[in-house]
>>> print(open('input.txt').read())   # compact mmCIF, N, CA, C and O atoms
# COMPACT_ATOMS: atom_id res chain seq x y z
N MET L 1 -22.57 -0.08 9.90
CA MET L 1 -21.48 0.77 10.36
C MET L 1 -21.23 1.91 9.39
O MET L 1 -20.53 2.85 9.72
N SER L 2 -21.78 1.91 8.22
CA SER L 2 -21.39 2.85 7.18
C SER L 2 -21.63 4.32 7.54
O SER L 2 -20.89 5.18 7.10
N ASN L 3 -22.66 4.63 8.33
CA ASN L 3 -22.93 6.02 8.68
C ASN L 3 -22.42 6.37 10.07
O ASN L 3 -22.70 7.46 10.57
N GLN L 4 -21.69 5.49 10.70
CA GLN L 4 -21.14 5.74 12.02
C GLN L 4 -19.65 5.98 11.91
O GLN L 4 -19.01 5.60 10.94
N LYS L 5 -19.10 6.60 12.95
CA LYS L 5 -17.67 6.82 13.01
C LYS L 5 -16.95 5.47 12.86
O LYS L 5 -17.41 4.46 13.39
N VAL L 6 -15.84 5.47 12.14
CA VAL L 6 -15.07 4.25 11.95
C VAL L 6 -13.62 4.53 12.35
O VAL L 6 -13.08 5.59 12.07
N THR L 7 -13.05 3.56 13.03
CA THR L 7 -11.65 3.61 13.42
C THR L 7 -10.88 2.60 12.56
O THR L 7 -11.37 1.50 12.32
N VAL L 8 -9.71 3.00 12.13
CA VAL L 8 -8.85 2.13 11.34
C VAL L 8 -7.53 1.97 12.08
O VAL L 8 -6.97 2.94 12.59
N THR L 9 -7.05 0.73 12.16
CA THR L 9 -5.69 0.48 12.61
C THR L 9 -4.97 -0.27 11.50
O THR L 9 -5.56 -1.13 10.85
N ALA L 10 -3.73 0.09 11.30
CA ALA L 10 -2.91 -0.61 10.31
C ALA L 10 -1.55 -0.87 10.94
O ALA L 10 -0.87 0.05 11.40
N ARG L 11 -1.20 -2.13 11.00
CA ARG L 11 0.12 -2.55 11.51
C ARG L 11 1.05 -2.63 10.31
O ARG L 11 0.76 -3.31 9.33
N LEU L 12 2.17 -1.91 10.39
CA LEU L 12 3.10 -1.80 9.28
C LEU L 12 4.48 -2.26 9.73
O LEU L 12 5.06 -1.68 10.66
N LYS L 13 5.01 -3.28 9.11
CA LYS L 13 6.34 -3.81 9.44
C LYS L 13 7.31 -3.33 8.35
O LYS L 13 7.24 -3.77 7.20
N VAL L 14 8.20 -2.42 8.74
CA VAL L 14 9.13 -1.80 7.81
C VAL L 14 10.44 -2.58 7.77
O VAL L 14 10.89 -3.12 8.79
N LYS L 15 11.05 -2.60 6.60
CA LYS L 15 12.35 -3.27 6.46
C LYS L 15 13.37 -2.60 7.38
O LYS L 15 13.46 -1.37 7.41
N PRO L 16 14.11 -3.40 8.16
CA PRO L 16 15.10 -2.83 9.07
C PRO L 16 16.06 -1.89 8.33
O PRO L 16 16.52 -2.20 7.23
N GLY L 17 16.32 -0.75 8.94
CA GLY L 17 17.21 0.24 8.35
C GLY L 17 16.50 1.30 7.53
O GLY L 17 17.08 2.32 7.20
N LEU L 18 15.22 1.06 7.21
CA LEU L 18 14.46 2.02 6.40
C LEU L 18 13.44 2.82 7.23
O LEU L 18 12.61 3.52 6.67
N GLU L 19 13.52 2.71 8.54
CA GLU L 19 12.52 3.36 9.40
C GLU L 19 12.47 4.88 9.19
O GLU L 19 11.39 5.45 9.06
N ASP L 20 13.62 5.53 9.15
CA ASP L 20 13.64 6.99 8.98
C ASP L 20 13.12 7.39 7.61
O ASP L 20 12.38 8.36 7.48
N ASN L 21 13.50 6.65 6.57
CA ASN L 21 12.99 6.93 5.22
C ASN L 21 11.48 6.78 5.17
O ASN L 21 10.79 7.58 4.54
N PHE L 22 10.98 5.74 5.83
CA PHE L 22 9.54 5.49 5.87
C PHE L 22 8.83 6.66 6.55
O PHE L 22 7.82 7.16 6.04
N LYS L 23 9.35 7.12 7.68
CA LYS L 23 8.72 8.24 8.39
C LYS L 23 8.74 9.50 7.52
O LYS L 23 7.74 10.22 7.48
N GLN L 24 9.84 9.74 6.82
CA GLN L 24 9.91 10.92 5.94
C GLN L 24 8.90 10.83 4.81
O GLN L 24 8.29 11.83 4.44
N GLU L 25 8.72 9.65 4.26
CA GLU L 25 7.76 9.44 3.18
C GLU L 25 6.32 9.64 3.68
O GLU L 25 5.46 10.12 2.95
N PHE L 26 6.08 9.28 4.93
CA PHE L 26 4.74 9.32 5.49
C PHE L 26 4.32 10.72 5.95
O PHE L 26 3.13 11.04 5.97
N GLN L 27 5.27 11.58 6.32
CA GLN L 27 4.93 12.90 6.88
C GLN L 27 4.02 13.73 5.98
O GLN L 27 3.03 14.28 6.46
N PRO L 28 4.30 13.86 4.68
CA PRO L 28 3.40 14.65 3.84
C PRO L 28 2.00 14.04 3.73
O PRO L 28 1.01 14.75 3.62
N VAL L 29 1.93 12.72 3.76
CA VAL L 29 0.64 12.03 3.70
C VAL L 29 -0.19 12.37 4.94
O VAL L 29 -1.39 12.63 4.85
N ILE L 30 0.45 12.38 6.09
CA ILE L 30 -0.24 12.74 7.33
C ILE L 30 -0.78 14.16 7.22
O ILE L 30 -1.96 14.42 7.51
N ALA L 31 0.07 15.09 6.79
CA ALA L 31 -0.35 16.49 6.69
C ALA L 31 -1.53 16.65 5.74
O ALA L 31 -2.50 17.36 6.05
N LEU L 32 -1.48 16.01 4.59
CA LEU L 32 -2.58 16.11 3.62
C LEU L 32 -3.85 15.46 4.15
O LEU L 32 -4.95 16.00 3.99
N THR L 33 -3.71 14.30 4.78
CA THR L 33 -4.87 13.59 5.29
C THR L 33 -5.59 14.39 6.36
O THR L 33 -6.83 14.43 6.39
N LEU L 34 -4.84 15.06 7.22
CA LEU L 34 -5.46 15.84 8.29
C LEU L 34 -6.29 17.01 7.76
O LEU L 34 -7.14 17.53 8.49
N THR L 35 -6.09 17.40 6.51
CA THR L 35 -6.89 18.48 5.92
C THR L 35 -8.18 17.95 5.29
O THR L 35 -9.04 18.74 4.91
N GLU L 36 -8.30 16.64 5.17
CA GLU L 36 -9.48 16.07 4.52
C GLU L 36 -10.72 16.22 5.40
O GLU L 36 -10.66 16.04 6.62
N GLU L 37 -11.83 16.51 4.74
CA GLU L 37 -13.11 16.58 5.44
C GLU L 37 -13.43 15.20 6.03
O GLU L 37 -13.28 14.18 5.35
N GLY L 38 -13.81 15.19 7.28
CA GLY L 38 -14.21 13.94 7.92
C GLY L 38 -13.11 13.18 8.62
O GLY L 38 -13.36 12.15 9.24
N CYS L 39 -11.88 13.69 8.52
CA CYS L 39 -10.77 13.05 9.24
C CYS L 39 -10.76 13.59 10.66
O CYS L 39 -10.62 14.79 10.89
N ILE L 40 -10.92 12.71 11.63
CA ILE L 40 -10.90 13.10 13.05
C ILE L 40 -9.46 13.08 13.56
O ILE L 40 -9.02 14.00 14.23
N ASN L 41 -8.74 12.03 13.26
CA ASN L 41 -7.31 11.95 13.57
C ASN L 41 -6.64 10.95 12.65
O ASN L 41 -7.30 10.08 12.07
N TYR L 42 -5.33 11.11 12.51
CA TYR L 42 -4.54 10.24 11.64
C TYR L 42 -3.15 10.20 12.26
O TYR L 42 -2.32 11.09 12.03
N ASP L 43 -2.91 9.22 13.10
CA ASP L 43 -1.72 9.19 13.94
C ASP L 43 -0.85 7.99 13.60
O ASP L 43 -1.34 6.86 13.52
N LEU L 44 0.44 8.25 13.46
CA LEU L 44 1.41 7.19 13.21
C LEU L 44 2.23 6.98 14.47
O LEU L 44 2.77 7.94 15.03
N HIS L 45 2.32 5.74 14.92
CA HIS L 45 3.07 5.38 16.13
C HIS L 45 4.19 4.43 15.74
O HIS L 45 4.05 3.63 14.81
N GLN L 46 5.28 4.47 16.51
CA GLN L 46 6.41 3.56 16.32
C GLN L 46 6.61 2.77 17.60
O GLN L 46 6.60 3.35 18.70
N SER L 47 6.80 1.48 17.47
CA SER L 47 6.98 0.61 18.64
C SER L 47 8.22 1.00 19.42
O SER L 47 9.28 1.26 18.85
N VAL L 48 8.09 0.99 20.73
CA VAL L 48 9.22 1.23 21.63
C VAL L 48 10.17 0.04 21.60
O VAL L 48 11.39 0.20 21.68
N ASP L 49 9.61 -1.16 21.48
CA ASP L 49 10.40 -2.39 21.53
C ASP L 49 11.00 -2.81 20.18
O ASP L 49 12.01 -3.49 20.14
N ASP L 50 10.34 -2.41 19.09
CA ASP L 50 10.77 -2.82 17.75
C ASP L 50 10.64 -1.62 16.82
O ASP L 50 9.55 -1.33 16.33
N PRO L 51 11.72 -0.88 16.57
CA PRO L 51 11.63 0.34 15.77
C PRO L 51 11.17 0.13 14.33
O PRO L 51 10.82 1.08 13.66
N SER L 52 11.13 -1.12 13.86
CA SER L 52 10.66 -1.37 12.50
C SER L 52 9.15 -1.61 12.45
O SER L 52 8.59 -1.81 11.37
N LEU L 53 8.49 -1.56 13.60
CA LEU L 53 7.04 -1.80 13.67
C LEU L 53 6.31 -0.49 13.92
O LEU L 53 6.61 0.24 14.86
N PHE L 54 5.34 -0.20 13.04
CA PHE L 54 4.55 1.03 13.13
C PHE L 54 3.07 0.67 13.23
O PHE L 54 2.63 -0.37 12.74
N LEU L 55 2.32 1.58 13.84
CA LEU L 55 0.87 1.45 13.94
C LEU L 55 0.25 2.75 13.49
O LEU L 55 0.56 3.82 14.03
N LEU L 56 -0.60 2.67 12.49
CA LEU L 56 -1.37 3.82 12.03
C LEU L 56 -2.74 3.72 12.69
O LEU L 56 -3.39 2.67 12.62
N HIS L 57 -3.16 4.80 13.35
CA HIS L 57 -4.45 4.85 14.03
C HIS L 57 -5.23 6.03 13.47
O HIS L 57 -4.78 7.17 13.55
N GLU L 58 -6.39 5.74 12.87
CA GLU L 58 -7.19 6.77 12.21
C GLU L 58 -8.63 6.71 12.71
O GLU L 58 -9.14 5.63 12.99
N ASN L 59 -9.28 7.87 12.76
CA ASN L 59 -10.71 7.93 13.01
C ASN L 59 -11.35 8.82 11.95
O ASN L 59 -10.83 9.90 11.63
N TRP L 60 -12.47 8.34 11.41
CA TRP L 60 -13.19 9.02 10.35
C TRP L 60 -14.66 9.14 10.74
O TRP L 60 -15.18 8.27 11.45
N VAL L 61 -15.33 10.16 10.24
CA VAL L 61 -16.73 10.37 10.61
C VAL L 61 -17.65 9.29 10.03
O VAL L 61 -18.72 9.04 10.58
N SER L 62 -17.23 8.64 8.94
CA SER L 62 -18.04 7.56 8.38
C SER L 62 -17.18 6.69 7.46
O SER L 62 -16.09 7.09 7.03
N GLN L 63 -17.69 5.53 7.15
CA GLN L 63 -16.99 4.64 6.25
C GLN L 63 -16.98 5.21 4.83
O GLN L 63 -16.02 5.00 4.08
N GLU L 64 -18.02 5.96 4.45
CA GLU L 64 -18.04 6.59 3.13
C GLU L 64 -16.91 7.60 2.98
O GLU L 64 -16.26 7.67 1.94
N ILE L 65 -16.68 8.39 4.04
CA ILE L 65 -15.59 9.37 4.01
C ILE L 65 -14.24 8.65 3.95
O ILE L 65 -13.34 9.07 3.23
N LEU L 66 -14.11 7.57 4.68
CA LEU L 66 -12.88 6.76 4.62
C LEU L 66 -12.65 6.27 3.20
O LEU L 66 -11.53 6.31 2.69
N ALA L 67 -13.70 5.80 2.54
CA ALA L 67 -13.58 5.31 1.16
C ALA L 67 -13.08 6.43 0.24
O ALA L 67 -12.25 6.19 -0.65
N GLN L 68 -13.55 7.65 0.46
CA GLN L 68 -13.08 8.79 -0.34
C GLN L 68 -11.59 9.04 -0.08
O GLN L 68 -10.82 9.34 -1.01
N HIS L 69 -11.18 8.92 1.18
CA HIS L 69 -9.77 9.10 1.54
C HIS L 69 -8.89 8.10 0.79
O HIS L 69 -7.83 8.46 0.27
N LEU L 70 -9.34 6.87 0.71
CA LEU L 70 -8.54 5.82 0.08
C LEU L 70 -8.37 6.04 -1.43
O LEU L 70 -7.49 5.44 -2.04
N GLU L 71 -9.18 6.92 -2.01
CA GLU L 71 -9.08 7.24 -3.43
C GLU L 71 -8.19 8.44 -3.71
O GLU L 71 -7.95 8.78 -4.87
N GLN L 72 -7.67 9.08 -2.67
CA GLN L 72 -6.82 10.25 -2.86
C GLN L 72 -5.51 9.84 -3.57
O GLN L 72 -4.95 8.79 -3.28
N PRO L 73 -5.03 10.67 -4.48
CA PRO L 73 -3.81 10.32 -5.23
C PRO L 73 -2.61 10.05 -4.33
O PRO L 73 -1.80 9.16 -4.62
N TYR L 74 -2.46 10.79 -3.25
CA TYR L 74 -1.31 10.59 -2.37
C TYR L 74 -1.41 9.29 -1.58
O TYR L 74 -0.38 8.70 -1.24
N ILE L 75 -2.60 8.80 -1.32
CA ILE L 75 -2.77 7.51 -0.66
C ILE L 75 -2.44 6.38 -1.65
O ILE L 75 -1.74 5.43 -1.31
N LYS L 76 -2.91 6.53 -2.87
CA LYS L 76 -2.60 5.52 -3.89
C LYS L 76 -1.09 5.49 -4.17
O LYS L 76 -0.51 4.41 -4.32
N ALA L 77 -0.46 6.66 -4.22
CA ALA L 77 0.98 6.72 -4.47
C ALA L 77 1.75 6.06 -3.33
O ALA L 77 2.73 5.33 -3.57
N LEU L 78 1.32 6.28 -2.10
CA LEU L 78 1.97 5.65 -0.95
C LEU L 78 1.82 4.13 -1.04
O LEU L 78 2.76 3.39 -0.77
N GLY L 79 0.64 3.67 -1.42
CA GLY L 79 0.42 2.24 -1.59
C GLY L 79 1.34 1.63 -2.63
O GLY L 79 1.85 0.52 -2.45
N GLU L 80 1.56 2.37 -3.72
CA GLU L 80 2.44 1.87 -4.77
C GLU L 80 3.89 1.79 -4.30
O GLU L 80 4.65 0.93 -4.74
N LYS L 81 4.30 2.67 -3.39
CA LYS L 81 5.66 2.68 -2.87
C LYS L 81 5.85 1.72 -1.70
O LYS L 81 6.98 1.51 -1.26
N SER L 82 4.78 1.17 -1.18
CA SER L 82 4.86 0.39 0.06
C SER L 82 5.83 -0.80 -0.06
O SER L 82 6.47 -1.16 0.92
N GLY L 83 5.94 -1.38 -1.22
CA GLY L 83 6.84 -2.51 -1.41
C GLY L 83 8.30 -2.16 -1.17
O GLY L 83 9.10 -3.03 -0.82
N GLN L 84 8.64 -0.89 -1.34
CA GLN L 84 10.01 -0.44 -1.08
C GLN L 84 10.33 -0.47 0.41
O GLN L 84 11.49 -0.60 0.79
N PHE L 85 9.30 -0.31 1.24
CA PHE L 85 9.50 -0.13 2.67
C PHE L 85 9.04 -1.31 3.53
O PHE L 85 9.63 -1.58 4.56
N LEU L 86 7.99 -1.99 3.11
CA LEU L 86 7.35 -2.97 3.99
C LEU L 86 7.87 -4.38 3.76
O LEU L 86 8.09 -4.82 2.63
N VAL L 87 8.00 -5.11 4.87
CA VAL L 87 8.41 -6.51 4.85
C VAL L 87 7.24 -7.39 4.41
O VAL L 87 7.43 -8.41 3.75
N GLU L 88 6.03 -6.98 4.77
CA GLU L 88 4.82 -7.75 4.52
C GLU L 88 3.68 -6.78 4.28
O GLU L 88 3.79 -5.60 4.61
N PRO L 89 2.56 -7.26 3.71
CA PRO L 89 1.42 -6.36 3.52
C PRO L 89 0.93 -5.81 4.86
O PRO L 89 1.03 -6.49 5.89
N PRO L 90 0.41 -4.58 4.86
CA PRO L 90 -0.12 -4.02 6.12
C PRO L 90 -1.28 -4.88 6.64
O PRO L 90 -2.05 -5.44 5.85
N GLU L 91 -1.37 -4.96 7.93
CA GLU L 91 -2.51 -5.64 8.57
C GLU L 91 -3.50 -4.55 8.97
O GLU L 91 -3.29 -3.84 9.95
N VAL L 92 -4.57 -4.42 8.19
CA VAL L 92 -5.54 -3.33 8.37
C VAL L 92 -6.82 -3.90 9.00
O VAL L 92 -7.33 -4.93 8.55
N ARG L 93 -7.33 -3.19 9.99
CA ARG L 93 -8.58 -3.56 10.66
C ARG L 93 -9.48 -2.33 10.77
O ARG L 93 -9.00 -1.23 11.05
N LEU L 94 -10.77 -2.54 10.58
CA LEU L 94 -11.77 -1.50 10.81
C LEU L 94 -12.46 -1.79 12.13
O LEU L 94 -12.76 -2.95 12.44
N TRP L 95 -12.72 -0.73 12.90
CA TRP L 95 -13.29 -0.87 14.23
C TRP L 95 -14.48 0.07 14.39
O TRP L 95 -14.51 1.15 13.83
N GLN L 96 -15.42 -0.36 15.22
CA GLN L 96 -16.56 0.48 15.60
C GLN L 96 -16.54 0.61 17.11
O GLN L 96 -16.47 -0.40 17.84
N GLN L 97 -16.58 1.84 17.60
CA GLN L 97 -16.55 2.06 19.04
C GLN L 97 -17.87 1.59 19.65
O GLN L 97 -18.95 1.90 19.15
N ILE L 98 -17.76 0.84 20.75
CA ILE L 98 -18.95 0.34 21.42
C ILE L 98 -19.10 0.87 22.84
O ILE L 98 -20.13 0.69 23.47
N ALA L 99 -18.05 1.50 23.36
CA ALA L 99 -18.11 2.09 24.70
C ALA L 99 -17.20 3.30 24.73
O ALA L 99 -16.21 3.38 24.00
N ASN L 100 -17.53 4.25 25.57
CA ASN L 100 -16.76 5.49 25.69
C ASN L 100 -16.58 5.78 27.16
O ASN L 100 -17.56 5.79 27.92
N ASN L 101 -15.35 6.04 27.58
CA ASN L 101 -15.10 6.27 29.00
C ASN L 101 -15.16 7.73 29.40
O ASN L 101 -14.85 8.08 30.52
N SER L 102 -15.56 8.62 28.49
CA SER L 102 -15.61 10.05 28.85
C SER L 102 -17.00 10.49 29.26
O SER L 102 -17.96 9.85 29.10
>>> encode(input="input.txt", output="structure tokens")
Amino acid sequence: MSNQKVTVTARLKVKPGLEDNFKQEFQPVIALTLTEEGCINYDLHQSVDDPSLFLLHENWVSQEILAQHLEQPYIKALGEKSGQFLVEPPEVRLWQQIANNS
């Protein structure tokens, strides 16, 4: 999978009452990430049913490019702050597309 496009999903459970702070903290990270070479998309979603539940959906041109993204100072800084916001560690999954409907 290393030279193929990779999709990342991360389920993030935020402490109740900190949802707006979390979104504010995440906005600059989204903007910076979207400028990175090899980033196809980097989308943050909030659950309709549970406002403390977020889903990060990312697509990268390769796993190597994703690894470079994870070394960015703003990603490391966000990881260090995650304990302030998250109830539990993020549930991160890597995916490989196997079918396309277009």
>>> residues_around(input="input.txt", residues="range 51-56 of chain L", least_positions_apart="6", cutoff="10 Å", atoms="only C-alpha atoms", output="list of chain:residue names")
L:Val8, L:Thr9, L:Ala10, L:Arg11, L:Leu12, L:Lys13, L:Val14, L:Lys15, L:Pro16, L:Gly17, L:Leu18, L:Glu19, L:Asp20, L:Phe22, L:Lys23, L:Tyr42, L:Asp43, L:Leu44, L:His45, L:Phe85, L:Leu86, L:Val87, L:Pro90, L:Glu91, L:Val92
>>> residues_around(input="input.txt", residues="range 60-72 of chain L", least_positions_apart="4", cutoff="5 Å", atoms="all atoms listed in the file", output="ChimeraX atom specification")
/L:1-6,38-40,76
>>> select_by_dssp(input="input.txt", residues="range 2-89 of chain L", states="strand (DSSP E)", output="list of chain:residue names")
L:Val6, L:Thr7, L:Val8, L:Thr9, L:Ala10, L:Arg11, L:Leu12, L:Lys13, L:Cys39, L:Ile40, L:Asn41, L:Tyr42, L:Asp43, L:Leu44, L:His45, L:Gln46, L:Leu53, L:Phe54, L:Leu55, L:Leu56, L:His57, L:Glu58, L:Asn59, L:Trp60
>>> atom_distance(input="input.txt", atom1="atom N of Ala77 in chain L", atom2="atom N of Val48 in chain L")
27.0 Å
>>> axis_aligned_box(input="input.txt", around="range 36-47 of chain L", padding_each_side="8 Å", output="AutoDock Vina command-line options")
--center_x -2.5 --center_y 8.6 --center_z 12.0 --size_x 39.5 --size_y 32.0 --size_z 30.9
>>> select_by_dssp(input="input.txt", residues="chain L", states="helix (DSSP H, G or I)", output="compact mmCIF listing (two decimals) with N, CA, C and O atoms, in the frame of the given file")
# COMPACT_ATOMS: atom_id res chain seq x y z
N GLU L 19 13.52 2.71 8.54
CA GLU L 19 12.52 3.36 9.40
C GLU L 19 12.47 4.88 9.19
O GLU L 19 11.39 5.45 9.06
N ASP L 20 13.62 5.53 9.15
CA ASP L 20 13.64 6.99 8.98
C ASP L 20 13.12 7.39 7.61
O ASP L 20 12.38 8.36 7.48
N ASN L 21 13.50 6.65 6.57
CA ASN L 21 12.99 6.93 5.22
C ASN L 21 11.48 6.78 5.17
O ASN L 21 10.79 7.58 4.54
N PHE L 22 10.98 5.74 5.83
CA PHE L 22 9.54 5.49 5.87
C PHE L 22 8.83 6.66 6.55
O PHE L 22 7.82 7.16 6.04
N LYS L 23 9.35 7.12 7.68
CA LYS L 23 8.72 8.24 8.39
C LYS L 23 8.74 9.50 7.52
O LYS L 23 7.74 10.22 7.48
N GLN L 24 9.84 9.74 6.82
CA GLN L 24 9.91 10.92 5.94
C GLN L 24 8.90 10.83 4.81
O GLN L 24 8.29 11.83 4.44
N GLU L 25 8.72 9.65 4.26
CA GLU L 25 7.76 9.44 3.18
C GLU L 25 6.32 9.64 3.68
O GLU L 25 5.46 10.12 2.95
N PHE L 26 6.08 9.28 4.93
CA PHE L 26 4.74 9.32 5.49
C PHE L 26 4.32 10.72 5.95
O PHE L 26 3.13 11.04 5.97
N GLN L 27 5.27 11.58 6.32
CA GLN L 27 4.93 12.90 6.88
C GLN L 27 4.02 13.73 5.98
O GLN L 27 3.03 14.28 6.46
N PRO L 28 4.30 13.86 4.68
CA PRO L 28 3.40 14.65 3.84
C PRO L 28 2.00 14.04 3.73
O PRO L 28 1.01 14.75 3.62
N VAL L 29 1.93 12.72 3.76
CA VAL L 29 0.64 12.03 3.70
C VAL L 29 -0.19 12.37 4.94
O VAL L 29 -1.39 12.63 4.85
N ILE L 30 0.45 12.38 6.09
CA ILE L 30 -0.24 12.74 7.33
C ILE L 30 -0.78 14.16 7.22
O ILE L 30 -1.96 14.42 7.51
N ALA L 31 0.07 15.09 6.79
CA ALA L 31 -0.35 16.49 6.69
C ALA L 31 -1.53 16.65 5.74
O ALA L 31 -2.50 17.36 6.05
N LEU L 32 -1.48 16.01 4.59
CA LEU L 32 -2.58 16.11 3.62
C LEU L 32 -3.85 15.46 4.15
O LEU L 32 -4.95 16.00 3.99
N THR L 33 -3.71 14.30 4.78
CA THR L 33 -4.87 13.59 5.29
C THR L 33 -5.59 14.39 6.36
O THR L 33 -6.83 14.43 6.39
N LEU L 34 -4.84 15.06 7.22
CA LEU L 34 -5.46 15.84 8.29
C LEU L 34 -6.29 17.01 7.76
O LEU L 34 -7.14 17.53 8.49
N GLN L 63 -17.69 5.53 7.15
CA GLN L 63 -16.99 4.64 6.25
C GLN L 63 -16.98 5.21 4.83
O GLN L 63 -16.02 5.00 4.08
N GLU L 64 -18.02 5.96 4.45
CA GLU L 64 -18.04 6.59 3.13
C GLU L 64 -16.91 7.60 2.98
O GLU L 64 -16.26 7.67 1.94
N ILE L 65 -16.68 8.39 4.04
CA ILE L 65 -15.59 9.37 4.01
C ILE L 65 -14.24 8.65 3.95
O ILE L 65 -13.34 9.07 3.23
N LEU L 66 -14.11 7.57 4.68
CA LEU L 66 -12.88 6.76 4.62
C LEU L 66 -12.65 6.27 3.20
O LEU L 66 -11.53 6.31 2.69
N ALA L 67 -13.70 5.80 2.54
CA ALA L 67 -13.58 5.31 1.16
C ALA L 67 -13.08 6.43 0.24
O ALA L 67 -12.25 6.19 -0.65
N GLN L 68 -13.55 7.65 0.46
CA GLN L 68 -13.08 8.79 -0.34
C GLN L 68 -11.59 9.04 -0.08
O GLN L 68 -10.82 9.34 -1.01
N HIS L 69 -11.18 8.92 1.18
CA HIS L 69 -9.77 9.10 1.54
C HIS L 69 -8.89 8.10 0.79
O HIS L 69 -7.83 8.46 0.27
N LEU L 70 -9.34 6.87 0.71
CA LEU L 70 -8.54 5.82 0.08
C LEU L 70 -8.37 6.04 -1.43
O LEU L 70 -7.49 5.44 -2.04
N PRO L 73 -5.03 10.67 -4.48
CA PRO L 73 -3.81 10.32 -5.23
C PRO L 73 -2.61 10.05 -4.33
O PRO L 73 -1.80 9.16 -4.62
N TYR L 74 -2.46 10.79 -3.25
CA TYR L 74 -1.31 10.59 -2.37
C TYR L 74 -1.41 9.29 -1.58
O TYR L 74 -0.38 8.70 -1.24
N ILE L 75 -2.60 8.80 -1.32
CA ILE L 75 -2.77 7.51 -0.66
C ILE L 75 -2.44 6.38 -1.65
O ILE L 75 -1.74 5.43 -1.31
N LYS L 76 -2.91 6.53 -2.87
CA LYS L 76 -2.60 5.52 -3.89
C LYS L 76 -1.09 5.49 -4.17
O LYS L 76 -0.51 4.41 -4.32
N ALA L 77 -0.46 6.66 -4.22
CA ALA L 77 0.98 6.72 -4.47
C ALA L 77 1.75 6.06 -3.33
O ALA L 77 2.73 5.33 -3.57
N LEU L 78 1.32 6.28 -2.10
CA LEU L 78 1.97 5.65 -0.95
C LEU L 78 1.82 4.13 -1.04
O LEU L 78 2.76 3.39 -0.77
N GLY L 79 0.64 3.67 -1.42
CA GLY L 79 0.42 2.24 -1.59
C GLY L 79 1.34 1.63 -2.63
O GLY L 79 1.85 0.52 -2.45
N GLU L 80 1.56 2.37 -3.72
CA GLU L 80 2.44 1.87 -4.77
C GLU L 80 3.89 1.79 -4.30
O GLU L 80 4.65 0.93 -4.74
N LYS L 81 4.30 2.67 -3.39
CA LYS L 81 5.66 2.68 -2.87
C LYS L 81 5.85 1.72 -1.70
O LYS L 81 6.98 1.51 -1.26
N SER L 82 4.78 1.17 -1.18
CA SER L 82 4.86 0.39 0.06
C SER L 82 5.83 -0.80 -0.06
O SER L 82 6.47 -1.16 0.92
N GLY L 83 5.94 -1.38 -1.22
CA GLY L 83 6.84 -2.51 -1.41
C GLY L 83 8.30 -2.16 -1.17
O GLY L 83 9.10 -3.03 -0.82
N GLN L 84 8.64 -0.89 -1.34
CA GLN L 84 10.01 -0.44 -1.08
C GLN L 84 10.33 -0.47 0.41
O GLN L 84 11.49 -0.60 0.79
N PHE L 85 9.30 -0.31 1.24
CA PHE L 85 9.50 -0.13 2.67
C PHE L 85 9.04 -1.31 3.53
O PHE L 85 9.63 -1.58 4.56
>>> atom_distance(input="input.txt", atom1="atom O of Glu25 in chain L", atom2="atom N of Gly79 in chain L")
9.2 Å
>>> atom_distance(input="input.txt", atom1="CA of Gly83 in chain L", atom2="CA of Thr33 in chain L")
21.0 Å
>>> residues_around(input="input.txt", residues="Asn41 in chain L", least_positions_apart="5", cutoff="7 Å", atoms="only C-alpha atoms", output="VMD selection string")
chain L and resid 34 58 to 59
